[in-house]
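> As input, take model_17.cif (mmCIF, N, CA and C atoms):
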data_final
#
loop_
_atom_site.label_atom_id
_atom_site.label_comp_id
_atom_site.auth_asym_id
_atom_site.auth_seq_id
_atom_site.Cartn_x
_atom_site.Cartn_y
_atom_site.Cartn_z
N MET A 243 19.82 -18.64 -63.19
CA MET A 243 19.72 -19.52 -62.05
C MET A 243 20.08 -18.78 -60.76
N ARG A 244 21.13 -18.00 -60.84
CA ARG A 244 21.59 -17.25 -59.68
C ARG A 244 20.54 -16.24 -59.22
N ASN A 245 19.90 -15.58 -60.19
CA ASN A 245 18.86 -14.59 -59.88
C ASN A 245 17.65 -15.26 -59.23
N LYS A 246 17.30 -16.46 -59.70
CA LYS A 246 16.17 -17.18 -59.12
C LYS A 246 16.46 -17.57 -57.67
N LEU A 247 17.68 -18.01 -57.41
CA LEU A 247 18.08 -18.38 -56.06
C LEU A 247 18.06 -17.16 -55.13
N LEU A 248 18.54 -16.04 -55.63
CA LEU A 248 18.53 -14.80 -54.85
C LEU A 248 17.10 -14.35 -54.57
N ALA A 249 16.23 -14.45 -55.56
CA ALA A 249 14.82 -14.07 -55.38
C ALA A 249 14.15 -14.98 -54.35
N LEU A 250 14.42 -16.26 -54.42
CA LEU A 250 13.86 -17.21 -53.46
C LEU A 250 14.34 -16.90 -52.04
N LEU A 251 15.61 -16.59 -51.92
CA LEU A 251 16.17 -16.24 -50.61
C LEU A 251 15.51 -14.97 -50.05
N LEU A 252 15.32 -13.97 -50.90
CA LEU A 252 14.68 -12.73 -50.47
C LEU A 252 13.22 -12.95 -50.07
N LEU A 253 12.55 -13.87 -50.76
CA LEU A 253 11.16 -14.18 -50.40
C LEU A 253 11.09 -14.94 -49.07
N ALA A 254 12.07 -15.77 -48.81
CA ALA A 254 12.06 -16.57 -47.58
C ALA A 254 12.52 -15.78 -46.36
N LEU A 255 13.26 -14.71 -46.55
CA LEU A 255 13.80 -13.93 -45.44
C LEU A 255 12.73 -13.44 -44.46
N PRO A 256 11.61 -12.88 -44.91
CA PRO A 256 10.58 -12.45 -43.95
C PRO A 256 10.04 -13.61 -43.11
N LEU A 257 9.95 -14.79 -43.69
CA LEU A 257 9.47 -15.96 -42.94
C LEU A 257 10.44 -16.33 -41.83
N VAL A 258 11.73 -16.21 -42.09
CA VAL A 258 12.74 -16.51 -41.08
C VAL A 258 12.61 -15.52 -39.93
N PHE A 259 12.49 -14.24 -40.24
CA PHE A 259 12.36 -13.23 -39.17
C PHE A 259 11.07 -13.39 -38.42
N ALA A 260 9.98 -13.72 -39.11
CA ALA A 260 8.69 -13.89 -38.45
C ALA A 260 8.73 -15.07 -37.49
N SER A 261 9.33 -16.18 -37.90
CA SER A 261 9.39 -17.34 -37.01
C SER A 261 10.33 -17.07 -35.84
N THR A 262 11.40 -16.32 -36.05
CA THR A 262 12.31 -15.97 -34.96
C THR A 262 11.60 -15.07 -33.96
N ALA A 263 10.83 -14.11 -34.44
CA ALA A 263 10.08 -13.21 -33.55
C ALA A 263 9.03 -13.98 -32.77
N ALA A 264 8.36 -14.92 -33.43
CA ALA A 264 7.36 -15.72 -32.73
C ALA A 264 8.00 -16.58 -31.65
N PHE A 265 9.15 -17.15 -31.96
CA PHE A 265 9.86 -17.96 -30.97
C PHE A 265 10.27 -17.11 -29.78
N ALA A 266 10.76 -15.89 -30.05
CA ALA A 266 11.21 -15.00 -28.97
C ALA A 266 10.06 -14.64 -28.05
N GLN A 267 8.83 -14.63 -28.57
CA GLN A 267 7.67 -14.28 -27.77
C GLN A 267 7.29 -15.39 -26.80
N ASN A 268 7.75 -16.60 -27.01
CA ASN A 268 7.41 -17.73 -26.15
C ASN A 268 8.39 -17.90 -25.01
N THR A 269 9.13 -16.88 -24.70
CA THR A 269 10.07 -16.90 -23.59
C THR A 269 9.81 -15.69 -22.71
N PRO A 270 10.08 -15.81 -21.42
CA PRO A 270 9.91 -14.66 -20.54
C PRO A 270 10.98 -13.58 -20.74
N VAL A 271 12.05 -13.89 -21.46
CA VAL A 271 13.12 -12.92 -21.65
C VAL A 271 12.57 -11.71 -22.38
N GLY A 272 12.81 -10.54 -21.81
CA GLY A 272 12.32 -9.30 -22.40
C GLY A 272 11.98 -8.30 -21.31
N THR A 273 11.29 -7.25 -21.72
CA THR A 273 10.92 -6.17 -20.81
C THR A 273 9.42 -6.21 -20.57
N TRP A 274 9.04 -6.16 -19.31
CA TRP A 274 7.65 -6.34 -18.90
C TRP A 274 7.18 -5.20 -18.01
N THR A 275 5.93 -4.79 -18.20
CA THR A 275 5.28 -3.87 -17.28
C THR A 275 4.53 -4.71 -16.26
N THR A 276 4.87 -4.54 -14.99
CA THR A 276 4.18 -5.29 -13.95
C THR A 276 2.86 -4.60 -13.65
N ILE A 277 1.85 -5.40 -13.42
CA ILE A 277 0.52 -4.88 -13.13
C ILE A 277 0.13 -5.35 -11.73
N ASP A 278 -0.21 -4.40 -10.86
CA ASP A 278 -0.61 -4.72 -9.50
C ASP A 278 -1.89 -5.55 -9.55
N ASP A 279 -1.89 -6.73 -8.91
CA ASP A 279 -3.05 -7.61 -8.98
C ASP A 279 -4.25 -7.07 -8.20
N LYS A 280 -4.04 -6.12 -7.31
CA LYS A 280 -5.14 -5.54 -6.54
C LYS A 280 -5.71 -4.30 -7.23
N THR A 281 -4.84 -3.34 -7.62
CA THR A 281 -5.30 -2.08 -8.22
C THR A 281 -5.45 -2.17 -9.73
N LYS A 282 -4.82 -3.16 -10.35
CA LYS A 282 -4.82 -3.36 -11.82
C LYS A 282 -4.10 -2.23 -12.55
N LYS A 283 -3.25 -1.49 -11.84
CA LYS A 283 -2.50 -0.39 -12.45
C LYS A 283 -1.04 -0.79 -12.64
N PRO A 284 -0.37 -0.22 -13.68
CA PRO A 284 1.05 -0.49 -13.89
C PRO A 284 1.86 -0.06 -12.67
N LYS A 285 2.78 -0.93 -12.26
CA LYS A 285 3.55 -0.66 -11.04
C LYS A 285 5.03 -0.42 -11.33
N SER A 286 5.61 -1.23 -12.21
CA SER A 286 7.03 -1.07 -12.52
C SER A 286 7.34 -1.72 -13.87
N VAL A 287 8.58 -1.56 -14.28
CA VAL A 287 9.08 -2.22 -15.49
C VAL A 287 10.20 -3.15 -15.04
N VAL A 288 10.11 -4.41 -15.46
CA VAL A 288 11.10 -5.42 -15.10
C VAL A 288 11.71 -6.00 -16.37
N GLU A 289 13.03 -6.06 -16.39
CA GLU A 289 13.74 -6.69 -17.50
C GLU A 289 14.12 -8.10 -17.05
N ILE A 290 13.62 -9.10 -17.79
CA ILE A 290 13.99 -10.49 -17.51
C ILE A 290 15.07 -10.89 -18.50
N TYR A 291 16.14 -11.47 -17.98
CA TYR A 291 17.31 -11.80 -18.78
C TYR A 291 17.77 -13.22 -18.45
N GLU A 292 18.58 -13.77 -19.35
CA GLU A 292 19.17 -15.09 -19.12
C GLU A 292 20.56 -14.88 -18.54
N SER A 293 20.83 -15.51 -17.41
CA SER A 293 22.14 -15.37 -16.77
C SER A 293 23.13 -16.36 -17.38
N SER A 294 24.37 -16.26 -16.98
CA SER A 294 25.43 -17.09 -17.56
C SER A 294 25.21 -18.58 -17.31
N ASN A 295 24.49 -18.95 -16.26
CA ASN A 295 24.26 -20.38 -15.98
C ASN A 295 22.98 -20.90 -16.65
N GLY A 296 22.33 -20.08 -17.49
CA GLY A 296 21.14 -20.50 -18.22
C GLY A 296 19.84 -20.24 -17.48
N ALA A 297 19.91 -19.85 -16.22
CA ALA A 297 18.69 -19.52 -15.48
C ALA A 297 18.26 -18.10 -15.81
N LEU A 298 17.00 -17.80 -15.56
CA LEU A 298 16.50 -16.46 -15.79
C LEU A 298 16.55 -15.64 -14.51
N GLY A 299 16.77 -14.36 -14.68
CA GLY A 299 16.73 -13.41 -13.58
C GLY A 299 15.99 -12.18 -14.06
N GLY A 300 15.64 -11.30 -13.14
CA GLY A 300 14.93 -10.10 -13.53
C GLY A 300 15.23 -8.94 -12.59
N ARG A 301 15.36 -7.75 -13.18
CA ARG A 301 15.65 -6.56 -12.37
C ARG A 301 14.67 -5.46 -12.72
N VAL A 302 14.37 -4.63 -11.72
CA VAL A 302 13.48 -3.49 -11.91
C VAL A 302 14.27 -2.41 -12.64
N THR A 303 13.75 -1.96 -13.78
CA THR A 303 14.42 -0.91 -14.53
C THR A 303 13.73 0.44 -14.36
N GLU A 304 12.47 0.40 -13.90
CA GLU A 304 11.72 1.63 -13.71
C GLU A 304 10.60 1.39 -12.71
N VAL A 305 10.40 2.35 -11.80
CA VAL A 305 9.27 2.31 -10.87
C VAL A 305 8.23 3.29 -11.42
N LEU A 306 7.04 2.77 -11.75
CA LEU A 306 5.99 3.59 -12.34
C LEU A 306 5.03 4.15 -11.29
N SER A 307 4.81 3.37 -10.24
CA SER A 307 3.86 3.77 -9.20
C SER A 307 4.31 3.19 -7.87
N SER A 308 4.37 4.05 -6.86
CA SER A 308 4.76 3.58 -5.53
C SER A 308 4.12 4.48 -4.49
N ASP A 309 3.62 3.87 -3.42
CA ASP A 309 3.06 4.66 -2.33
C ASP A 309 4.17 5.19 -1.41
N ARG A 310 5.42 4.90 -1.78
CA ARG A 310 6.57 5.37 -0.99
C ARG A 310 7.40 6.40 -1.75
N GLY A 311 6.78 7.10 -2.69
CA GLY A 311 7.49 8.14 -3.43
C GLY A 311 8.07 7.63 -4.73
N PRO A 312 8.71 8.53 -5.50
CA PRO A 312 9.21 8.18 -6.83
C PRO A 312 10.47 7.30 -6.81
N ASN A 313 11.21 7.30 -5.72
CA ASN A 313 12.44 6.50 -5.62
C ASN A 313 12.42 5.63 -4.37
N PRO A 314 11.53 4.62 -4.33
CA PRO A 314 11.41 3.81 -3.12
C PRO A 314 12.65 2.95 -2.86
N VAL A 315 12.88 2.69 -1.59
CA VAL A 315 13.94 1.76 -1.19
C VAL A 315 13.28 0.57 -0.52
N CYS A 316 14.03 -0.51 -0.44
CA CYS A 316 13.50 -1.75 0.13
C CYS A 316 13.79 -1.76 1.64
N ASP A 317 12.98 -1.00 2.39
CA ASP A 317 13.15 -0.90 3.84
C ASP A 317 12.95 -2.22 4.56
N LYS A 318 12.03 -3.05 4.06
CA LYS A 318 11.68 -4.29 4.74
C LYS A 318 12.51 -5.49 4.27
N CYS A 319 13.41 -5.24 3.32
CA CYS A 319 14.29 -6.32 2.85
C CYS A 319 15.33 -6.64 3.92
N SER A 320 15.92 -7.81 3.78
CA SER A 320 17.01 -8.18 4.68
C SER A 320 18.30 -8.32 3.86
N GLY A 321 19.40 -8.45 4.55
CA GLY A 321 20.68 -8.67 3.88
C GLY A 321 21.14 -7.50 3.04
N ASP A 322 21.76 -7.81 1.91
CA ASP A 322 22.33 -6.79 1.04
C ASP A 322 21.30 -5.84 0.43
N ARG A 323 20.05 -6.27 0.34
CA ARG A 323 19.02 -5.44 -0.29
C ARG A 323 18.42 -4.40 0.65
N LYS A 324 18.62 -4.55 1.94
CA LYS A 324 18.00 -3.66 2.93
C LYS A 324 18.42 -2.20 2.68
N GLY A 325 17.40 -1.34 2.53
CA GLY A 325 17.64 0.08 2.34
C GLY A 325 18.11 0.48 0.96
N LYS A 326 18.20 -0.47 0.03
CA LYS A 326 18.67 -0.19 -1.32
C LYS A 326 17.50 0.25 -2.21
N PRO A 327 17.79 1.05 -3.24
CA PRO A 327 16.74 1.48 -4.17
C PRO A 327 16.11 0.28 -4.89
N VAL A 328 14.80 0.34 -5.07
CA VAL A 328 14.10 -0.72 -5.80
C VAL A 328 14.51 -0.68 -7.26
N LYS A 329 14.67 0.53 -7.81
CA LYS A 329 15.11 0.65 -9.20
C LYS A 329 16.52 0.08 -9.31
N GLY A 330 16.69 -0.88 -10.21
CA GLY A 330 17.98 -1.55 -10.40
C GLY A 330 18.11 -2.84 -9.60
N MET A 331 17.17 -3.10 -8.70
CA MET A 331 17.24 -4.28 -7.84
C MET A 331 16.84 -5.55 -8.58
N VAL A 332 17.60 -6.63 -8.37
CA VAL A 332 17.25 -7.94 -8.90
C VAL A 332 16.15 -8.50 -8.00
N ILE A 333 14.98 -8.78 -8.60
CA ILE A 333 13.85 -9.29 -7.83
C ILE A 333 13.45 -10.71 -8.24
N LEU A 334 14.02 -11.22 -9.32
CA LEU A 334 13.79 -12.59 -9.79
C LEU A 334 15.14 -13.26 -10.00
N TRP A 335 15.26 -14.53 -9.59
CA TRP A 335 16.50 -15.24 -9.84
C TRP A 335 16.28 -16.74 -9.80
N GLY A 336 17.16 -17.47 -10.50
CA GLY A 336 17.17 -18.94 -10.45
C GLY A 336 16.04 -19.64 -11.16
N ILE A 337 15.39 -19.00 -12.11
CA ILE A 337 14.23 -19.59 -12.79
C ILE A 337 14.72 -20.41 -13.99
N LYS A 338 14.25 -21.66 -14.08
CA LYS A 338 14.67 -22.55 -15.17
C LYS A 338 13.46 -23.11 -15.90
N LYS A 339 13.65 -23.41 -17.17
CA LYS A 339 12.56 -23.91 -18.02
C LYS A 339 12.18 -25.33 -17.60
N VAL A 340 10.87 -25.52 -17.43
CA VAL A 340 10.29 -26.83 -17.13
C VAL A 340 9.02 -26.94 -17.96
N GLY A 341 9.07 -27.69 -19.05
CA GLY A 341 7.91 -27.78 -19.94
C GLY A 341 7.61 -26.45 -20.60
N ASP A 342 6.37 -25.97 -20.46
CA ASP A 342 6.00 -24.69 -21.08
C ASP A 342 6.05 -23.53 -20.09
N SER A 343 6.66 -23.77 -18.93
CA SER A 343 6.79 -22.69 -17.94
C SER A 343 8.23 -22.65 -17.42
N TRP A 344 8.52 -21.66 -16.64
CA TRP A 344 9.83 -21.48 -16.02
C TRP A 344 9.58 -21.43 -14.52
N GLU A 345 10.32 -22.21 -13.75
CA GLU A 345 10.07 -22.29 -12.32
C GLU A 345 11.32 -22.67 -11.56
N GLY A 346 11.17 -22.87 -10.25
CA GLY A 346 12.29 -23.28 -9.42
C GLY A 346 13.10 -22.11 -8.88
N GLY A 347 12.72 -20.91 -9.25
CA GLY A 347 13.45 -19.74 -8.78
C GLY A 347 12.70 -19.03 -7.68
N GLN A 348 13.10 -17.80 -7.44
CA GLN A 348 12.48 -17.02 -6.39
C GLN A 348 12.18 -15.61 -6.88
N ILE A 349 11.22 -14.98 -6.20
CA ILE A 349 10.84 -13.60 -6.50
C ILE A 349 10.74 -12.84 -5.18
N LEU A 350 11.23 -11.62 -5.21
CA LEU A 350 11.19 -10.73 -4.05
C LEU A 350 10.07 -9.72 -4.24
N ASP A 351 9.27 -9.53 -3.20
CA ASP A 351 8.28 -8.45 -3.19
C ASP A 351 8.93 -7.29 -2.44
N PRO A 352 9.39 -6.25 -3.14
CA PRO A 352 10.08 -5.14 -2.47
C PRO A 352 9.21 -4.39 -1.46
N ALA A 353 7.90 -4.46 -1.61
CA ALA A 353 7.01 -3.76 -0.68
C ALA A 353 7.01 -4.41 0.71
N THR A 354 7.17 -5.74 0.74
CA THR A 354 7.13 -6.46 2.02
C THR A 354 8.49 -7.01 2.44
N GLY A 355 9.42 -7.10 1.47
CA GLY A 355 10.72 -7.69 1.75
C GLY A 355 10.69 -9.21 1.76
N LYS A 356 9.55 -9.79 1.44
CA LYS A 356 9.41 -11.26 1.47
C LYS A 356 9.85 -11.88 0.14
N VAL A 357 10.42 -13.07 0.26
CA VAL A 357 10.88 -13.83 -0.90
C VAL A 357 9.97 -15.05 -1.04
N TYR A 358 9.51 -15.27 -2.26
CA TYR A 358 8.60 -16.38 -2.55
C TYR A 358 9.18 -17.26 -3.65
N SER A 359 8.72 -18.51 -3.71
CA SER A 359 8.99 -19.35 -4.88
C SER A 359 8.20 -18.75 -6.03
N VAL A 360 8.67 -18.97 -7.25
CA VAL A 360 8.00 -18.35 -8.39
C VAL A 360 7.91 -19.30 -9.57
N LYS A 361 6.84 -19.11 -10.32
CA LYS A 361 6.61 -19.84 -11.56
C LYS A 361 6.12 -18.81 -12.57
N VAL A 362 6.72 -18.75 -13.75
CA VAL A 362 6.29 -17.81 -14.78
C VAL A 362 5.96 -18.57 -16.06
N ARG A 363 4.97 -18.04 -16.79
CA ARG A 363 4.55 -18.70 -18.02
C ARG A 363 4.02 -17.67 -19.00
N PRO A 364 4.62 -17.61 -20.20
CA PRO A 364 4.09 -16.71 -21.23
C PRO A 364 2.68 -17.15 -21.63
N ILE A 365 1.77 -16.19 -21.78
CA ILE A 365 0.41 -16.47 -22.21
C ILE A 365 0.04 -15.46 -23.30
N ASP A 366 -1.10 -15.67 -23.91
CA ASP A 366 -1.61 -14.76 -24.93
C ASP A 366 -0.58 -14.55 -26.05
N GLY A 367 -0.01 -15.65 -26.52
CA GLY A 367 0.97 -15.58 -27.61
C GLY A 367 2.27 -14.90 -27.22
N GLY A 368 2.57 -14.88 -25.92
CA GLY A 368 3.81 -14.26 -25.44
C GLY A 368 3.68 -12.78 -25.16
N ARG A 369 2.48 -12.23 -25.35
CA ARG A 369 2.28 -10.80 -25.08
C ARG A 369 2.10 -10.52 -23.59
N LYS A 370 1.79 -11.56 -22.82
CA LYS A 370 1.60 -11.42 -21.38
C LYS A 370 2.40 -12.51 -20.67
N LEU A 371 2.69 -12.26 -19.40
CA LEU A 371 3.44 -13.21 -18.60
C LEU A 371 2.68 -13.43 -17.30
N GLU A 372 2.32 -14.68 -17.06
CA GLU A 372 1.66 -15.04 -15.81
C GLU A 372 2.76 -15.31 -14.78
N VAL A 373 2.75 -14.55 -13.70
CA VAL A 373 3.77 -14.66 -12.66
C VAL A 373 3.09 -15.10 -11.37
N ARG A 374 3.43 -16.28 -10.89
CA ARG A 374 2.80 -16.82 -9.67
C ARG A 374 3.85 -16.93 -8.58
N GLY A 375 3.66 -16.16 -7.52
CA GLY A 375 4.51 -16.25 -6.34
C GLY A 375 3.80 -17.05 -5.28
N PHE A 376 4.55 -17.94 -4.60
CA PHE A 376 3.90 -18.81 -3.62
C PHE A 376 4.89 -19.27 -2.56
N MET A 377 4.34 -19.74 -1.45
CA MET A 377 5.14 -20.35 -0.39
C MET A 377 4.74 -21.81 -0.30
N GLY A 378 5.69 -22.69 -0.40
CA GLY A 378 5.37 -24.12 -0.31
C GLY A 378 4.75 -24.64 -1.58
N PHE A 379 3.42 -24.65 -1.64
CA PHE A 379 2.69 -25.18 -2.78
C PHE A 379 2.20 -24.05 -3.67
N SER A 380 2.18 -24.29 -4.97
CA SER A 380 1.75 -23.28 -5.93
C SER A 380 0.30 -22.85 -5.70
N LEU A 381 -0.49 -23.72 -5.07
CA LEU A 381 -1.89 -23.38 -4.79
C LEU A 381 -2.00 -22.27 -3.75
N LEU A 382 -0.98 -22.12 -2.90
CA LEU A 382 -0.99 -21.11 -1.84
C LEU A 382 -0.16 -19.92 -2.26
N GLY A 383 -0.73 -19.05 -3.05
CA GLY A 383 0.01 -17.90 -3.53
C GLY A 383 -0.88 -16.94 -4.26
N ARG A 384 -0.26 -16.05 -5.03
CA ARG A 384 -1.03 -15.11 -5.82
C ARG A 384 -0.38 -14.95 -7.19
N THR A 385 -1.21 -14.55 -8.14
CA THR A 385 -0.77 -14.43 -9.52
C THR A 385 -0.94 -13.00 -10.02
N GLN A 386 0.06 -12.54 -10.74
CA GLN A 386 -0.02 -11.28 -11.45
C GLN A 386 0.17 -11.58 -12.93
N VAL A 387 -0.42 -10.75 -13.79
CA VAL A 387 -0.20 -10.87 -15.22
C VAL A 387 0.50 -9.60 -15.67
N TRP A 388 1.73 -9.78 -16.19
CA TRP A 388 2.52 -8.67 -16.68
C TRP A 388 2.36 -8.58 -18.19
N THR A 389 2.57 -7.38 -18.73
CA THR A 389 2.44 -7.19 -20.18
C THR A 389 3.81 -6.86 -20.79
N ARG A 390 4.05 -7.46 -21.96
CA ARG A 390 5.33 -7.23 -22.64
C ARG A 390 5.36 -5.82 -23.21
N GLN A 391 6.50 -5.17 -23.08
CA GLN A 391 6.66 -3.82 -23.64
C GLN A 391 7.08 -3.91 -25.08
#
Produce structure tokens that represent the structure in this file.

Amino acid sequence: MRNKLLALLLLALPLVFASTAAFAQNTPVGTWTTIDDKTKKPKSVVEIYESSNGALGGRVTEVLSSDRGPNPVCDKCSGDRKGKPVKGMVILWGIKKVGDSWEGGQILDPATGKVYSVKVRPIDGGRKLEVRGFMGFSLLGRTQVWTRQ
């Protein structure tokens, strides 16, 4: 009886890991390659994480392409971010789950220094992330699709 129970447990273990991995894919938490919506080329790597208050945030962990050299700074940013390196910079904050998307937060465009409202939604089985930055209404903005690393 004990051996049968152990065998059943071992058979069920892959199903538990598979369902956990599938669930993890339906969240923006993870590491993403940002894709420039104009050039369609990889631009940076962003790590999206859950903060202590349950909201999501995201920081640039690597700059892959920049017209301002290999170590760009946020010249056009204001406040504490002005003149700081883009690598390591928090560019997403305050995003909370609403239905099948995460919204209510903000995103910084380090190239312009502008801050926009943001809405993110995993697509393609969680392999891609639709990131929509906008001012005012979601209809007035632009969308990028990032790929999970």
> What is the distance, in Å and to one decimal place, between atom C of Leu306 in chain A and atom C of Trp388 in chain A?
14.7 Å
> Quick one: residues within 7 Å of (15.4, -20.3, -5.7) (file frame), counting only C-alpha atoms, please, as a PyMOL selection string.
chain A and resi 335-336+346-348+359
> Suppose you want the space between CA of Ile290 in chain A and CA of Val302 in chain A; what is it in Å?
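About the pair CA of Ile290 in chain A and CA of Val302 in chain A: they are 9.0 Å apart.
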> With only C-alpha atoms as the counted atoms, please give the residues lying no more than 9 Å from Ile337 in chain A, apart from itself and same-chain residues fewer than 6 positions off, as a PyMOL selection string.
chain A and resi 296-299+344-348+360-362
> Any chance you can output those residues with N, CA and C atoms as a PDB file, in the frame of the given file?

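Okay, part03.pdb is ready:
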ATOM      1  N   GLY A 296      22.330 -20.080 -17.490  1.00  0.00           N
ATOM      2  CA  GLY A 296      21.140 -20.500 -18.220  1.00  0.00           C
ATOM      3  C   GLY A 296      19.840 -20.240 -17.480  1.00  0.00           C
ATOM      4  N   ALA A 297      19.910 -19.850 -16.220  1.00  0.00           N
ATOM      5  CA  ALA A 297      18.690 -19.520 -15.480  1.00  0.00           C
ATOM      6  C   ALA A 297      18.260 -18.100 -15.810  1.00  0.00           C
ATOM      7  N   LEU A 298      17.000 -17.800 -15.560  1.00  0.00           N
ATOM      8  CA  LEU A 298      16.500 -16.460 -15.790  1.00  0.00           C
ATOM      9  C   LEU A 298      16.550 -15.640 -14.510  1.00  0.00           C
ATOM     10  N   GLY A 299      16.770 -14.360 -14.680  1.00  0.00           N
ATOM     11  CA  GLY A 299      16.730 -13.410 -13.580  1.00  0.00           C
ATOM     12  C   GLY A 299      15.990 -12.180 -14.060  1.00  0.00           C
ATOM     13  N   TRP A 344       8.520 -21.660 -16.640  1.00  0.00           N
ATOM     14  CA  TRP A 344       9.830 -21.480 -16.020  1.00  0.00           C
ATOM     15  C   TRP A 344       9.580 -21.430 -14.520  1.00  0.00           C
ATOM     16  N   GLU A 345      10.320 -22.210 -13.750  1.00  0.00           N
ATOM     17  CA  GLU A 345      10.070 -22.290 -12.320  1.00  0.00           C
ATOM     18  C   GLU A 345      11.320 -22.670 -11.560  1.00  0.00           C
ATOM     19  N   GLY A 346      11.170 -22.870 -10.250  1.00  0.00           N
ATOM     20  CA  GLY A 346      12.290 -23.280  -9.420  1.00  0.00           C
ATOM     21  C   GLY A 346      13.100 -22.110  -8.880  1.00  0.00           C
ATOM     22  N   GLY A 347      12.720 -20.910  -9.250  1.00  0.00           N
ATOM     23  CA  GLY A 347      13.450 -19.740  -8.780  1.00  0.00           C
ATOM     24  C   GLY A 347      12.700 -19.030  -7.680  1.00  0.00           C
ATOM     25  N   GLN A 348      13.100 -17.800  -7.440  1.00  0.00           N
ATOM     26  CA  GLN A 348      12.480 -17.020  -6.390  1.00  0.00           C
ATOM     27  C   GLN A 348      12.180 -15.610  -6.880  1.00  0.00           C
ATOM     28  N   VAL A 360       8.670 -18.970  -7.250  1.00  0.00           N
ATOM     29  CA  VAL A 360       8.000 -18.350  -8.390  1.00  0.00           C
ATOM     30  C   VAL A 360       7.910 -19.300  -9.570  1.00  0.00           C
ATOM     31  N   LYS A 361       6.840 -19.110 -10.320  1.00  0.00           N
ATOM     32  CA  LYS A 361       6.610 -19.840 -11.560  1.00  0.00           C
ATOM     33  C   LYS A 361       6.120 -18.810 -12.570  1.00  0.00           C
ATOM     34  N   VAL A 362       6.720 -18.750 -13.750  1.00  0.00           N
ATOM     35  CA  VAL A 362       6.290 -17.810 -14.780  1.00  0.00           C
ATOM     36  C   VAL A 362       5.960 -18.570 -16.060  1.00  0.00           C
TER      37      VAL A 362
END
> What does the structure give for the distance between CA of Lys326 in chain A and CA of Tyr358 in chain A, in Å to one decimal?
19.1 Å
> Write out as a list of chain:residue names all residues of range 302-355 of chain A that backbone DSSP assigns to strand (DSSP E or B).
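Residues meeting the strand (DSSP E or B) criterion: A:Val302, A:Thr303, A:Glu304, A:Val305, A:Val315, A:Pro327, A:Val332, A:Ile333, A:Leu334, A:Trp335, A:Gly336, A:Ile337, A:Lys338, A:Lys339, A:Val340, A:Ser343, A:Trp344, A:Glu345, A:Gly346, A:Gly347, A:Gln348, A:Ile349, A:Leu350, A:Asp351.
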> Name the residues that the PyMOL selection byres ((chain A and resi 368) around 8) picks from the file above, as a list in words, using the file's chain letters and numbers.
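Selected by the PyMOL selection byres ((chain A and resi 368) around 8) in this file: Ala264, Ala266, Gln267, Asn268, Thr269, Pro270, Arg363, Pro364, Ile365, Asp366, Gly367, Arg369, Lys370, Leu371, Thr389 and Arg390 of chain A.
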> With distances taken over only N, CA and C atoms, which residue among A:Lys318, A:Asn313, A:Val387, A:Lys324 lies nearest Thr354 in chain A?
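Closest residue, counting only N, CA and C atoms: A:Lys318.
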> Take the PyMOL selection byres ((chain A and resi 279) around 7), apply it to the structure above, and return the hits as a PyMOL selection string.
chain A and resi 277-278+280-283+385-387
> Exactly which residues make up the result of the PyMOL selection byres ((chain A and resi 304) around 6.5) on this file, given as a list in words?
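Output of the PyMOL selection byres ((chain A and resi 304) around 6.5): Lys285, Ser286, Val287, Val288, Arg301, Val302, Thr303, Val305, Leu306, Lys329 and Gly330 of chain A.
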> Rank A:Glu372, A:Pro284, A:Glu289, A:Pro312 by their smallest atom-to-atom distance to Met331 in chain A, using only C-alpha atoms, and report the top residue only.
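For Met331 in chain A, the nearest of the candidates is A:Glu289.
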> Have a look at A:Leu382, A:Val357, A:Leu350, A:Val315 and name the one nearest to Ile333 in chain A; count only C-alpha atoms.
A:Leu350
> Name all residues at most 7 Å from Pro352 in chain A (count only C-alpha atoms; drop same-chain ones fewer than 4 positions away) and give them as a PyMOL selection string.
chain A and resi 316+319+328
> How would the residues just picked look written out with N, CA and C atoms as a CSV table (one decimal), in the frame of the given file?

chain,number,residue,atom,x,y,z
A,316,CYS,N,14.0,-0.5,-0.4
A,316,CYS,CA,13.5,-1.8,0.1
A,316,CYS,C,13.8,-1.8,1.6
A,319,CYS,N,13.4,-5.2,3.3
A,319,CYS,CA,14.3,-6.3,2.8
A,319,CYS,C,15.3,-6.6,3.9
A,328,VAL,N,14.8,0.3,-5.1
A,328,VAL,CA,14.1,-0.7,-5.8
A,328,VAL,C,14.5,-0.7,-7.3
